[in-house]
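Everything below belongs to entry-v5.txt, which stores compact mmCIF, C-alpha atoms.
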```
# COMPACT_ATOMS: atom_id res chain seq x y z
CA ASP A 13 -89.41 6.96 -131.22
CA ARG A 14 -90.99 3.94 -132.91
CA ILE A 15 -88.10 1.59 -132.12
CA GLY A 16 -88.18 2.44 -128.41
CA VAL A 17 -91.94 1.90 -128.25
CA LYS A 18 -91.66 -1.42 -130.09
CA LEU A 19 -88.92 -2.58 -127.67
CA LEU A 20 -90.99 -1.59 -124.63
CA ASP A 21 -94.05 -3.32 -126.11
CA ASN A 22 -91.95 -6.49 -126.18
CA SER A 23 -90.44 -6.08 -122.68
CA ILE A 24 -86.97 -5.25 -124.05
CA HIS A 25 -84.53 -2.61 -122.78
CA TYR A 26 -81.08 -1.74 -124.13
CA LEU A 27 -78.52 -0.58 -121.53
CA SER A 28 -75.43 0.87 -123.18
CA GLY A 29 -72.66 3.33 -122.54
CA GLU A 30 -71.23 4.19 -119.17
CA ILE A 31 -73.15 2.90 -116.15
CA THR A 32 -74.48 6.17 -114.72
CA ALA A 33 -77.38 7.30 -112.57
CA GLU A 34 -79.24 8.42 -115.70
CA ASN A 35 -79.13 5.21 -117.72
CA VAL A 36 -79.60 3.00 -114.65
CA GLU A 37 -82.62 5.10 -113.64
CA ALA A 38 -84.22 4.43 -117.03
CA CYS A 39 -83.54 0.72 -116.64
CA ILE A 40 -84.93 0.60 -113.09
CA LYS A 41 -88.07 2.48 -114.18
CA TRP A 42 -88.52 -0.04 -117.00
CA ILE A 43 -88.30 -3.03 -114.61
CA VAL A 44 -90.62 -1.40 -112.06
CA TYR A 45 -93.10 -0.55 -114.84
CA GLU A 46 -93.00 -4.11 -116.18
CA ASN A 47 -93.61 -5.43 -112.65
CA LEU A 48 -96.92 -3.54 -112.51
CA GLU A 49 -98.25 -6.18 -114.90
CA VAL A 50 -99.38 -9.39 -113.19
CA LYS A 51 -99.07 -11.68 -116.20
CA GLU A 52 -95.78 -13.59 -115.96
CA LYS A 53 -93.24 -12.77 -118.64
CA ILE A 54 -89.53 -12.55 -119.33
CA LEU A 55 -87.91 -9.13 -119.41
CA THR A 56 -84.97 -8.88 -121.82
CA LEU A 57 -82.08 -6.57 -120.92
CA TYR A 58 -79.37 -6.08 -123.53
CA VAL A 59 -76.10 -4.95 -121.93
CA ASN A 60 -73.29 -3.22 -123.84
CA SER A 61 -71.00 -1.23 -121.54
CA THR A 62 -67.40 -0.86 -120.48
CA GLY A 63 -68.59 -0.16 -116.93
CA GLY A 64 -69.02 2.83 -114.69
CA ASP A 65 -70.58 3.60 -111.32
CA LEU A 66 -70.55 0.50 -109.11
CA TYR A 67 -73.16 1.93 -106.73
CA GLN A 68 -75.56 2.39 -109.65
CA ALA A 69 -74.84 -1.17 -110.78
CA PHE A 70 -75.76 -2.48 -107.33
CA ALA A 71 -79.00 -0.45 -107.41
CA LEU A 72 -79.96 -2.06 -110.72
CA ILE A 73 -78.92 -5.53 -109.53
CA ASP A 74 -81.15 -5.18 -106.44
CA ILE A 75 -84.13 -4.25 -108.65
CA MET A 76 -83.39 -7.08 -111.09
CA GLN A 77 -83.25 -9.59 -108.25
CA SER A 78 -86.49 -8.33 -106.71
CA SER A 79 -88.38 -8.47 -110.02
CA LYS A 80 -91.29 -10.92 -110.06
CA HIS A 81 -90.49 -11.46 -113.73
CA SER A 82 -87.34 -13.21 -114.94
CA VAL A 83 -84.71 -10.84 -116.30
CA ARG A 84 -82.95 -12.29 -119.35
CA THR A 85 -79.60 -10.61 -119.96
CA ILE A 86 -77.95 -10.53 -123.36
CA ALA A 87 -74.35 -9.31 -123.61
CA VAL A 88 -73.31 -7.67 -126.85
CA GLY A 89 -70.27 -5.51 -127.59
CA SER A 90 -68.75 -5.39 -124.12
CA ILE A 91 -69.55 -6.26 -120.54
CA MET A 92 -66.82 -4.87 -118.36
CA SER A 93 -66.46 -3.85 -114.74
CA ALA A 94 -69.88 -2.80 -113.34
CA ALA A 95 -71.63 -3.99 -116.52
CA PHE A 96 -70.13 -7.45 -115.97
CA LEU A 97 -71.90 -7.64 -112.60
CA ILE A 98 -75.19 -6.44 -114.10
CA PHE A 99 -75.01 -9.03 -116.87
CA THR A 100 -74.22 -11.95 -114.59
CA SER A 101 -77.06 -10.95 -112.24
CA GLY A 102 -79.63 -11.91 -114.86
CA THR A 103 -81.88 -14.88 -114.14
CA LYS A 104 -79.92 -18.14 -114.16
CA GLY A 105 -80.61 -20.02 -117.38
CA GLU A 106 -81.43 -16.73 -119.15
CA ARG A 107 -77.95 -15.17 -119.51
CA TYR A 108 -76.86 -15.04 -123.16
CA ILE A 109 -73.55 -13.74 -124.48
CA ALA A 110 -72.59 -12.94 -128.05
CA ALA A 111 -69.47 -14.85 -129.15
CA ASN A 112 -67.44 -11.69 -129.82
CA THR A 113 -68.31 -9.79 -126.63
CA GLY A 114 -65.41 -8.10 -124.84
CA ILE A 115 -65.48 -9.28 -121.22
CA MET A 116 -63.53 -7.87 -118.27
CA CYS A 117 -63.88 -8.17 -114.51
CA HIS A 118 -61.73 -6.55 -111.84
CA GLN A 119 -61.56 -5.46 -108.24
CA PHE A 120 -63.09 -2.13 -107.25
CA ALA A 121 -60.53 0.69 -107.23
CA GLY A 122 -61.00 3.51 -104.70
CA GLY A 123 -60.94 7.19 -105.62
CA GLY A 124 -57.47 8.19 -104.34
CA GLY A 125 -56.42 11.83 -104.25
CA ASP A 126 -55.48 14.07 -101.33
CA HIS A 127 -57.19 12.81 -98.18
CA LYS A 128 -56.58 12.96 -94.46
CA PHE A 129 -55.49 9.75 -92.76
CA HIS A 130 -58.94 9.04 -91.27
CA ASP A 131 -60.60 9.68 -94.62
CA LEU A 132 -58.23 7.18 -96.23
CA LYS A 133 -59.10 4.58 -93.58
CA ALA A 134 -62.83 5.14 -94.18
CA GLU A 135 -62.34 4.92 -97.96
CA MET A 136 -60.36 1.69 -97.56
CA LYS A 137 -63.18 0.20 -95.47
CA GLU A 138 -65.74 1.15 -98.13
CA THR A 139 -63.50 -0.33 -100.85
CA GLU A 140 -63.36 -3.60 -98.90
CA LEU A 141 -67.15 -3.56 -98.44
CA LEU A 142 -67.68 -2.98 -102.18
CA ASN A 143 -65.32 -5.84 -103.05
CA ASP A 144 -67.21 -8.07 -100.59
CA ARG A 145 -70.51 -7.13 -102.28
CA MET A 146 -69.01 -7.94 -105.68
CA ILE A 147 -67.98 -11.36 -104.37
CA ASP A 148 -71.50 -11.92 -102.99
CA VAL A 149 -73.11 -10.99 -106.33
CA LEU A 150 -70.75 -13.26 -108.26
CA LYS A 151 -71.21 -16.11 -105.76
CA GLU A 152 -75.00 -15.86 -106.08
CA ALA A 153 -74.83 -15.66 -109.87
CA THR A 154 -72.29 -18.43 -110.45
CA GLY A 155 -72.31 -20.72 -107.43
CA LEU A 156 -68.52 -20.41 -107.31
CA ALA A 157 -66.77 -20.36 -103.93
CA PRO A 158 -65.44 -16.96 -102.80
CA SER A 159 -61.86 -18.27 -103.02
CA VAL A 160 -62.40 -19.25 -106.69
CA ILE A 161 -64.01 -15.87 -107.44
CA LYS A 162 -61.04 -14.02 -105.91
CA LYS A 163 -58.58 -16.14 -107.86
CA LYS A 164 -60.30 -16.32 -111.27
CA LEU A 165 -62.41 -13.14 -111.43
CA LEU A 166 -61.08 -10.62 -108.90
CA PRO A 167 -57.29 -10.99 -108.68
CA PRO A 168 -55.14 -7.84 -108.34
CA SER A 169 -55.06 -7.23 -112.11
CA ASP A 170 -57.88 -6.98 -114.66
CA VAL A 171 -59.23 -10.30 -115.97
CA TYR A 172 -60.24 -10.58 -119.63
CA LEU A 173 -62.35 -13.58 -120.59
CA THR A 174 -63.82 -15.20 -123.68
CA ALA A 175 -67.47 -16.09 -124.10
CA ARG A 176 -66.52 -19.77 -123.70
CA GLU A 177 -64.70 -19.05 -120.41
CA VAL A 178 -67.67 -17.20 -118.90
CA LEU A 179 -69.91 -20.06 -119.97
CA ASP A 180 -67.57 -22.59 -118.32
CA LEU A 181 -67.45 -20.48 -115.11
CA GLY A 182 -71.25 -20.29 -114.89
CA ILE A 183 -71.33 -16.54 -115.52
CA ALA A 184 -73.34 -17.00 -118.73
CA ASP A 185 -75.70 -19.81 -119.71
CA HIS A 186 -75.68 -19.61 -123.50
CA ILE A 187 -73.45 -18.31 -126.30
CA LEU A 188 -75.20 -16.59 -129.20
CA GLU A 189 -73.58 -17.83 -132.41
```
Rewritten as structure tokens:
Amino acid sequence: DRIGVKLLDNSIHYLSGEITAENVEACIKWIVYENLEVKEKILTLYVNSTGGDLYQAFALIDIMQSSKHSVRTIAVGSIMSAAFLIFTSGTKGERYIAANTGIMCHQFAGGGGDHKFHDLKAEMKETELLNDRMIDVLKEATGLAPSVIKKKLLPPSDVYLTAREVLDLGIADHILE
């Protein structure tokens, strides 16, 4: 479609809906493709998602952080859960958030269900590892101490924030108004 071509021509990608292997794959391919070009530029990633697969989010974050080009992130609509991590992993100084964006961060929740004792122990270990990775991503993106991240962004219950609060916490750099 003409709109998609025009966006790609201008180094823009729009990530929306649930964070899944399919939409993250398209985003990763876009970043890898853009990195084939030597000329320095800024890639612009619009994010509008209520979250999804945390493993897929980490895959995209790794690619964003390894990009030779800056990745500007622009939050519109909602950045929640895994999408929150993707947004905040944009290049520092290049993270923009629309004033009316819905923002939510929370701890990773394991799968649950009927499991044997040893399976539950293994799942608990993986849950702890995922939460540790989330803290590392947020620490890198914000400069906040892990204790502050656990208190303000990853307490036991969901945390809803305003655009002003994420700006004050160093999660975003600019509010679009």
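Straight-line separation from CA of Arg107 (chain A) to CA of Ala87 (chain A): 8.0 Å.
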For region 184-187 of chain A, list every protein, DNA or RNA residue within 12 Å, evaluated using all atoms listed in the file, and leave out those in the same chain fewer than 2 positions away; present the list as number ranges by chain. A: 84-88, 91, 96-113, 115, 150, 153-155, 173-182, 189
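Here CA of Ala33 (chain A) is placed at a distance of 17.5 Å from CA of Leu142 (chain A).
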In terms of the shortest atom-to-atom distance over all atoms listed in the file, which of A:Leu27, A:Val160, A:Ile183, A:Val171 is closest to Ala95 (chain A)? A:Leu27
Given all atoms listed in the file as the counted atoms, nearest of A:Ala157, A:Met116, A:Ala71, A:Leu165 to Ser93 (chain A): A:Met116
Between A:His25, A:Ile31, A:Ser78, A:Lys41, which is the closest to Leu55 (chain A) once you count all atoms listed in the file?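 Under the stated criterion, the closest residue is A:His25.
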Please determine an axis-aligned box that encloses all atoms of region 103-111 of chain A listed in the file, with 5 Å added on each side, and express its centre and edge lengths in Å to one decimal as JSON.
```
{"center_x": -75.7, "center_y": -16.5, "center_z": -121.6, "size_x": 22.4, "size_y": 17.1, "size_z": 25.0}
```
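Compared by their closest atoms to Met146 (chain A), and using only C-alpha atoms, the residues A:Gln77, A:Ser159, A:Gln68, A:Gln119 rank with A:Gln119 nearest.
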Expressed in Å to a single decimal, how great is the separation between CA of Ile147 (chain A) and CA of Gly63 (chain A)?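 Those two atoms sit 16.8 Å apart.
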For Asp74 (chain A), which residue out of A:Leu188, A:Val44, A:Glu30, A:Glu140 is the nearest one, using all atoms listed in the file?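 Of all the options, A:Val44 lies closest to Asp74 (chain A).
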Quick one: residues within 12 Å of Ile15 (chain A), only C-alpha atoms, excluding same-chain residues fewer than 3 positions away - as a VMD selection string? chain A and resid 18 to 22 24 to 26
I want to know what sits within 10 Å of Ile43 (chain A), based on only C-alpha atoms, with residues of the same chain fewer than 6 positions away left out; could you give that as a list in words? Ser23, Ile24, His25, Glu37, Leu55, Thr56, Leu57, Leu72, Ile75, Met76, Ser78, Ser79, Lys80, His81 and Val83 of chain A
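Between Arg145 (chain A) and the candidates A:Val17, A:Met92, A:Leu66, A:Lys53, the tightest atom-to-atom separation, counting all atoms listed in the file, involves A:Leu66.
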